[in-house]
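Below: the structure, in structure tokens.
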Amino acid sequence: MYWKPRPVIVPVSMMRLSPKRTNRNDRLPTRLAVAVVIALCVAILASAVFTYATFLRLRSSYLANRGREISATIEAQARGPGRRNNPAFWQTLLESAYETYSGSVALLALVDHTGNVLASAGDTLRDHGDLYIFEEPLPQPRSPHGEARPTVAGWRIRVGLQLSETDFIKRQATLQLVVSGLAVVALFALSMNLLRMLSRFLELKMREGEEKQLKSLGMMAASLAHEIRNPLGAMKGLTQLAQEDLPPTHSAQPQLKTVVSEAERLEKLVTDLLDFAHAREPQIREFRLSDVIAGITTMVQPRLEASNVALRVSAAYDSPIRSDPDGLKQVLLNTIVNAIEATPPGGTVVLKAFDGNNDDLVVQIDDSGEGLGESSPRELFEPFTTKKARGTGLGLAVSKQIVDRLHGSLELENLPQGGARCSIRLPRLPSGADK
Ligand SMILES: Nc1ncnc2c1ncn2[C@@H]1O[C@H](COP(=O)(O)OP(=O)(O)OP(=O)(O)O)[C@@H](O)[C@H]1O
Ligand SMILES: [Mg+2]
């Protein structure tokens with residue numbers, strides 16, 4: 001009787017190390033705060049404009065009242081027989097009134113129903129653009145029997161008030177508008193600054209949390225590696241011995257094969273975890289990319305054959321480069337394995353290496369698989385994100401960590417003709433960067 005192993009499924013979804021940084025929900029409070037600040041600024045501005053308009057209305061009604069008051073005073077002096085319809089009397093009256101109100105009044109006039117000036121005092125030639133013109137119809141005198149006397153019908157007293165008299169109201173209105181505008185700008189700038197500081201602080205806090213998690217993950221991985229690796233190696237070795245001892249057609253062979261492959265998977269999980277939690281320092285030296293690619297091609301050969309996928313290195317890049325060859329090897333291995341796993345049987349994975357625009361080295365790995373689907377590349381770089389039943393979801397996270405440490409970039413994108421492209425960019429390091 002042989003022990004029948006059950007497949008070990010790592011609860012990948014439960015192992016998510018940290019919430020996704022770009023989650024739309026994470027940004028919601030910040031967006032809400034920005035919306036509140038903008039609404040507040042708009043409300044303050046609207047209220048300032050409303051107050052400005054009220055000040056201007058107040059100015060107009062002040063001028064109208066002043067004009068009414070002056071014309072009423074003049075009209076009261078023009079009562080009496082032989083006065084009201086006598087332009088000569090009006091002339092004297094207007095001149096004396098002009099003397100009284102000089103300063104605030106620039107023009108006084110009596111006009112008939114057609115607009116003809118019958119009498120006037122003050123600056124009649126002046127452009128009326130800087131005056132507030134108020135006109136009040138002259139009340140028609142009545143006979144002792146109460147009938148209106150038509151003699152002065154349509155006559156009006158015209159009062160031209162200096163607009164400068166109400167400059168203080170306009171100044172007040174403009175001042176409050178400017179102060180409110182400045183307050184809005186200051187409030188907006190201050191709020192944006194505070195929000196930026198807050199989100200920076202939250203990001204730092206999150207990173208701190210991530211680092212703590214990584215540290216404890218590292219300790220856990222180290223003790224796991226210590227506790228698991230040796231017994232696992234022994235289990236695997238003994239199982240392989242049993243496989244060799246038994247005839248290939250023995251009924252236990254499939255179970256033994258499963259034990260070996262599960263042990264290898266656990267070994268990979270422990271190694272990936274260790275790589276991720278204990279990011280190694282890059283070892284910079286000069287090397288040839290073609291040597292690294294040759295090594296990887298040998299390593300992935302069995303996988304290529306098993307999946308019936310071809311690997312084509314489209315351009316040999318032979319100039320020596322300075323970077324971390326072991327780190328780059330791991331990144332290339334992880335991404336090429338991903339490309340092989342994505343490619344259907346009979347397909348080809350194409351690797352290209354060339355100089356980038358910023359004098360950096362670019363390596364592109366194109367496959368003819370299904371592409372990234374709905375997932376965003378950023379999401380796929382998160383640790384423990386996998387769509388594979390037997391994946392750990394650490395390949396891209398480890399690769400990103402290595403490339404980041406080399407100040408490069410790792411990108412994943414869909415190809416227009418189908419399939420995905422993984423681009424690795426590494427800056428050329430100066431010779432002094434050797435370690
Ligand atoms: N070339 C690709 N085409 C399509 N999907 C890809 C490609 N490369 C990566 N992915 C997606 O990104 C996910 C994460 O990849 P990653 O290498 O981090 O983990 P994994 O391959 O699932 O597991 P492992 O840790 O064993 O590598 C994959 O599960 C896959 O869904
Ligand atoms: Mg992978």
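In the structure tokens, each chain is lettered A, B, ... as it comes, each chain's residues begin at 1, and ligands are numbered from 1 in order of appearance.
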field: Neighbourhood of ligand 1 at 9 Å, counting only C-alpha atoms and all ligand atoms, reported as a PyMOL selection string
entry: chain A and resi 265+268-269+272+334-343+365-373+375+377+379-399+412-414+419-422
Would you save the residues of that selection, restricted to N, CA and C atoms, as a short mmCIF file (atom, residue, chain, number, x, y, z; two decimals), in the first residue's frame?
```cif
data_model
loop_
_atom_site.label_atom_id
_atom_site.label_comp_id
_atom_site.auth_asym_id
_atom_site.auth_seq_id
_atom_site.Cartn_x
_atom_site.Cartn_y
_atom_site.Cartn_z
N ARG A 265 7.57 21.59 -6.15
CA ARG A 265 6.77 22.81 -6.10
C ARG A 265 6.97 23.51 -4.74
N LYS A 268 10.23 25.20 -4.67
CA LYS A 268 10.19 26.46 -5.44
C LYS A 268 9.51 27.56 -4.61
N LEU A 269 8.43 27.16 -3.91
CA LEU A 269 7.72 28.14 -3.10
C LEU A 269 8.65 28.72 -2.03
N ASP A 272 11.24 30.94 -3.71
CA ASP A 272 10.65 32.22 -4.14
C ASP A 272 10.40 33.13 -2.94
N ASN A 334 12.27 34.14 -15.02
CA ASN A 334 10.87 34.26 -14.58
C ASN A 334 9.97 34.71 -15.72
N THR A 335 10.43 35.70 -16.50
CA THR A 335 9.56 36.25 -17.54
C THR A 335 9.48 35.30 -18.74
N ILE A 336 10.58 34.64 -19.05
CA ILE A 336 10.54 33.68 -20.18
C ILE A 336 9.64 32.49 -19.82
N VAL A 337 9.75 32.03 -18.56
CA VAL A 337 8.88 30.91 -18.14
C VAL A 337 7.41 31.35 -18.22
N ASN A 338 7.13 32.58 -17.80
CA ASN A 338 5.75 33.08 -17.91
C ASN A 338 5.29 33.07 -19.37
N ALA A 339 6.19 33.52 -20.27
CA ALA A 339 5.84 33.57 -21.70
C ALA A 339 5.61 32.16 -22.23
N ILE A 340 6.46 31.21 -21.83
CA ILE A 340 6.28 29.82 -22.30
C ILE A 340 4.94 29.28 -21.79
N GLU A 341 4.67 29.56 -20.50
CA GLU A 341 3.42 29.05 -19.92
C GLU A 341 2.19 29.66 -20.59
N ALA A 342 2.35 30.89 -21.11
CA ALA A 342 1.20 31.56 -21.74
C ALA A 342 1.00 31.11 -23.19
N THR A 343 2.07 30.61 -23.82
CA THR A 343 2.01 30.30 -25.26
C THR A 343 1.38 28.92 -25.52
N ILE A 365 10.42 40.37 -24.32
CA ILE A 365 10.02 38.97 -24.49
C ILE A 365 8.56 38.98 -24.96
N ASP A 366 8.35 38.56 -26.21
CA ASP A 366 7.00 38.54 -26.78
C ASP A 366 6.49 37.11 -26.84
N ASP A 367 5.22 36.92 -26.49
CA ASP A 367 4.66 35.57 -26.65
C ASP A 367 3.39 35.65 -27.49
N SER A 368 2.86 34.47 -27.83
CA SER A 368 1.64 34.48 -28.65
C SER A 368 0.50 33.83 -27.88
N GLY A 369 0.47 34.15 -26.58
CA GLY A 369 -0.59 33.59 -25.71
C GLY A 369 -1.84 34.44 -25.76
N GLU A 370 -2.61 34.38 -24.67
CA GLU A 370 -3.90 35.09 -24.64
C GLU A 370 -3.78 36.53 -24.18
N GLY A 371 -2.57 36.92 -23.80
CA GLY A 371 -2.39 38.29 -23.31
C GLY A 371 -2.78 38.39 -21.84
N LEU A 372 -2.88 39.62 -21.35
CA LEU A 372 -3.09 39.82 -19.91
C LEU A 372 -4.57 39.82 -19.52
N GLY A 373 -5.44 39.78 -20.50
CA GLY A 373 -6.89 39.76 -20.20
C GLY A 373 -7.28 41.05 -19.50
N SER A 375 -6.68 41.82 -16.40
CA SER A 375 -5.78 42.24 -15.31
C SER A 375 -4.90 43.40 -15.75
N PRO A 377 -1.33 45.38 -15.53
CA PRO A 377 0.03 44.91 -15.28
C PRO A 377 0.44 45.17 -13.83
N GLU A 379 -1.29 45.18 -11.19
CA GLU A 379 -1.90 44.17 -10.32
C GLU A 379 -1.08 42.88 -10.34
N LEU A 380 -0.62 42.53 -11.57
CA LEU A 380 0.11 41.27 -11.72
C LEU A 380 1.48 41.32 -11.04
N PHE A 381 2.00 42.55 -10.83
CA PHE A 381 3.29 42.67 -10.14
C PHE A 381 3.16 42.52 -8.63
N GLU A 382 1.92 42.57 -8.13
CA GLU A 382 1.71 42.39 -6.69
C GLU A 382 2.09 40.97 -6.30
N PRO A 383 2.74 40.80 -5.15
CA PRO A 383 3.10 39.44 -4.74
C PRO A 383 1.86 38.57 -4.53
N PHE A 384 1.99 37.33 -4.83
CA PHE A 384 0.94 36.30 -4.65
C PHE A 384 -0.26 36.51 -5.56
N THR A 385 -0.07 37.26 -6.66
CA THR A 385 -1.16 37.38 -7.64
C THR A 385 -0.88 36.37 -8.74
N THR A 386 -1.72 35.39 -8.84
CA THR A 386 -1.52 34.36 -9.87
C THR A 386 -2.85 33.91 -10.43
N LYS A 387 -2.81 33.50 -11.71
CA LYS A 387 -4.03 32.92 -12.29
C LYS A 387 -3.78 31.44 -12.53
N LYS A 388 -2.59 30.98 -12.13
CA LYS A 388 -2.24 29.58 -12.40
C LYS A 388 -2.53 28.72 -11.18
N ALA A 389 -3.07 27.54 -11.46
CA ALA A 389 -3.44 26.65 -10.36
C ALA A 389 -2.21 26.29 -9.53
N ARG A 390 -1.06 26.19 -10.18
CA ARG A 390 0.13 25.78 -9.45
C ARG A 390 1.16 26.92 -9.36
N GLY A 391 0.75 28.13 -9.58
CA GLY A 391 1.69 29.26 -9.49
C GLY A 391 1.74 29.81 -8.07
N THR A 392 2.83 30.49 -7.73
CA THR A 392 2.90 31.12 -6.41
C THR A 392 2.63 32.62 -6.52
N GLY A 393 2.72 33.12 -7.73
CA GLY A 393 2.47 34.56 -7.93
C GLY A 393 3.61 35.42 -7.42
N LEU A 394 4.80 34.84 -7.35
CA LEU A 394 5.94 35.62 -6.87
C LEU A 394 6.94 35.96 -7.97
N GLY A 395 6.81 35.29 -9.14
CA GLY A 395 7.80 35.47 -10.21
C GLY A 395 7.97 36.93 -10.61
N LEU A 396 6.85 37.60 -10.92
CA LEU A 396 6.94 39.00 -11.36
C LEU A 396 7.31 39.93 -10.20
N ALA A 397 6.80 39.62 -8.99
CA ALA A 397 7.11 40.48 -7.83
C ALA A 397 8.62 40.45 -7.56
N VAL A 398 9.22 39.25 -7.59
CA VAL A 398 10.67 39.12 -7.36
C VAL A 398 11.42 39.86 -8.48
N SER A 399 10.98 39.64 -9.73
CA SER A 399 11.66 40.27 -10.87
C SER A 399 11.61 41.80 -10.75
N LEU A 412 4.73 45.19 -18.49
CA LEU A 412 3.96 44.14 -19.17
C LEU A 412 2.87 44.83 -19.98
N GLU A 413 2.68 44.38 -21.20
CA GLU A 413 1.60 44.99 -22.00
C GLU A 413 1.04 43.96 -22.98
N ASN A 414 -0.16 44.23 -23.46
CA ASN A 414 -0.75 43.37 -24.48
C ASN A 414 -0.20 43.77 -25.84
N GLY A 419 -1.31 38.16 -27.57
CA GLY A 419 -0.12 37.83 -26.80
C GLY A 419 0.32 39.00 -25.93
N ALA A 420 1.39 38.77 -25.19
CA ALA A 420 1.86 39.82 -24.27
C ALA A 420 3.33 40.11 -24.52
N ARG A 421 3.74 41.32 -24.11
CA ARG A 421 5.16 41.69 -24.21
C ARG A 421 5.65 42.09 -22.82
N CYS A 422 6.77 41.53 -22.44
CA CYS A 422 7.40 41.94 -21.19
C CYS A 422 8.68 42.70 -21.56
#
```
Quick one: residues within 12 Å of A:Ile133, only C-alpha atoms, excluding same-chain residues fewer than 5 positions away - as a list in words?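 The neighbour list is Ser60, Leu63, Ala64, Asn65, Arg66, Gly67, Arg68, Ser71, Val105, Ala106, Leu107, Leu108, Ala109, Asp127, His128, Arg156, Ile157, Arg158, Val159, Gly160, Leu161, Gln162 and Leu163 of chain A.
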Could you give me, as a ChimeraX atom specification, the residues within 8 Å of A:Leu56, counting only C-alpha atoms and dropping anything in the same chain fewer than 5 positions from it? /A:169-170,173
Can you spit out the residues from that selection as a PDB file, in the first residue's frame, using C-alpha atoms?
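The new file selection_16.pdb reads:
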```pdb
ATOM      1  CA  ILE A 169     -18.527 101.900  -2.143  1.00  0.00           C
ATOM      2  CA  LYS A 170     -16.826 100.594  -5.278  1.00  0.00           C
ATOM      3  CA  ALA A 173     -16.719  96.088  -3.172  1.00  0.00           C
TER       4      ALA A 173
END
```
Near A:Gln253, within 9 Å and counting only C-alpha atoms, which residues show up once chain neighbours fewer than 6 positions away are dropped, as a PDB file with C-alpha atoms, in the first residue's frame?
```
ATOM      1  CA  ALA A 242      11.754   4.192  -4.815  1.00  0.00           C
ATOM      2  CA  GLN A 243      10.853   5.217  -8.385  1.00  0.00           C
ATOM      3  CA  LEU A 246      10.273  -0.154  -8.921  1.00  0.00           C
ATOM      4  CA  PRO A 247       9.648  -1.210 -12.520  1.00  0.00           C
TER       5      PRO A 247
END
```
**Q.** In stretch 113-251 of chain A, DSSP strand (DSSP E or B) residues written as a ChimeraX atom specification
**A.** /A:117-122,131-137,142,148,156-162
Keeping C-alpha atoms for every residue in the selection just given, could you write it to a file as an mmCIF file, in the first residue's frame?
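Result written to part-v2.cif:
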```cif
data_model
loop_
_atom_site.group_PDB
_atom_site.id
_atom_site.type_symbol
_atom_site.label_atom_id
_atom_site.label_comp_id
_atom_site.auth_asym_id
_atom_site.auth_seq_id
_atom_site.Cartn_x
_atom_site.Cartn_y
_atom_site.Cartn_z
ATOM 1 C CA VAL A 117 -32.245 121.987 -22.485
ATOM 2 C CA LEU A 118 -34.263 124.959 -21.202
ATOM 3 C CA ALA A 119 -31.873 125.987 -18.426
ATOM 4 C CA SER A 120 -28.653 124.521 -17.087
ATOM 5 C CA ALA A 121 -25.798 125.015 -14.682
ATOM 6 C CA GLY A 122 -22.447 123.260 -14.338
ATOM 7 C CA LEU A 131 -21.553 110.857 -14.376
ATOM 8 C CA TYR A 132 -24.629 109.253 -12.934
ATOM 9 C CA ILE A 133 -27.562 110.974 -14.691
ATOM 10 C CA PHE A 134 -30.805 111.113 -12.756
ATOM 11 C CA GLU A 135 -33.974 112.633 -14.200
ATOM 12 C CA GLU A 136 -37.159 113.415 -12.305
ATOM 13 C CA PRO A 137 -40.355 114.601 -14.101
ATOM 14 C CA ARG A 142 -52.890 122.256 -10.892
ATOM 15 C CA ALA A 148 -53.570 119.870 -14.512
ATOM 16 C CA ARG A 156 -37.720 117.068 -16.277
ATOM 17 C CA ILE A 157 -35.017 118.081 -13.828
ATOM 18 C CA ARG A 158 -31.750 116.456 -14.799
ATOM 19 C CA VAL A 159 -29.121 115.929 -12.112
ATOM 20 C CA GLY A 160 -25.626 114.752 -13.126
ATOM 21 C CA LEU A 161 -23.908 113.268 -10.075
ATOM 22 C CA GLN A 162 -20.169 112.716 -9.834
#
```
(message) If you run DSSP on the backbone here, which positions in stretch 226-420 of chain A get helix (DSSP H, G or I)? Please write them as number ranges by chain.
(response) A: 226-245, 253-277, 289-307, 325-342, 377-380, 395-405
query = What's the 12 Å shell around A:Ile321, counting only C-alpha atoms, without same-chain residues fewer than 5 positions away, as JSON, numbers by chain?
reply = {"A": [284, 285, 286, 287, 288, 289, 290, 291, 292, 328, 353, 354, 355, 359, 360, 361, 362, 426, 427, 428, 429, 430, 431, 433, 434]}
With distances taken over only C-alpha atoms and all ligand atoms, which of A:Leu332, A:Tyr62, A:Lys212, A:Arg312 is nearest to ligand 2?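 The closest residue to ligand 2 is A:Leu332.
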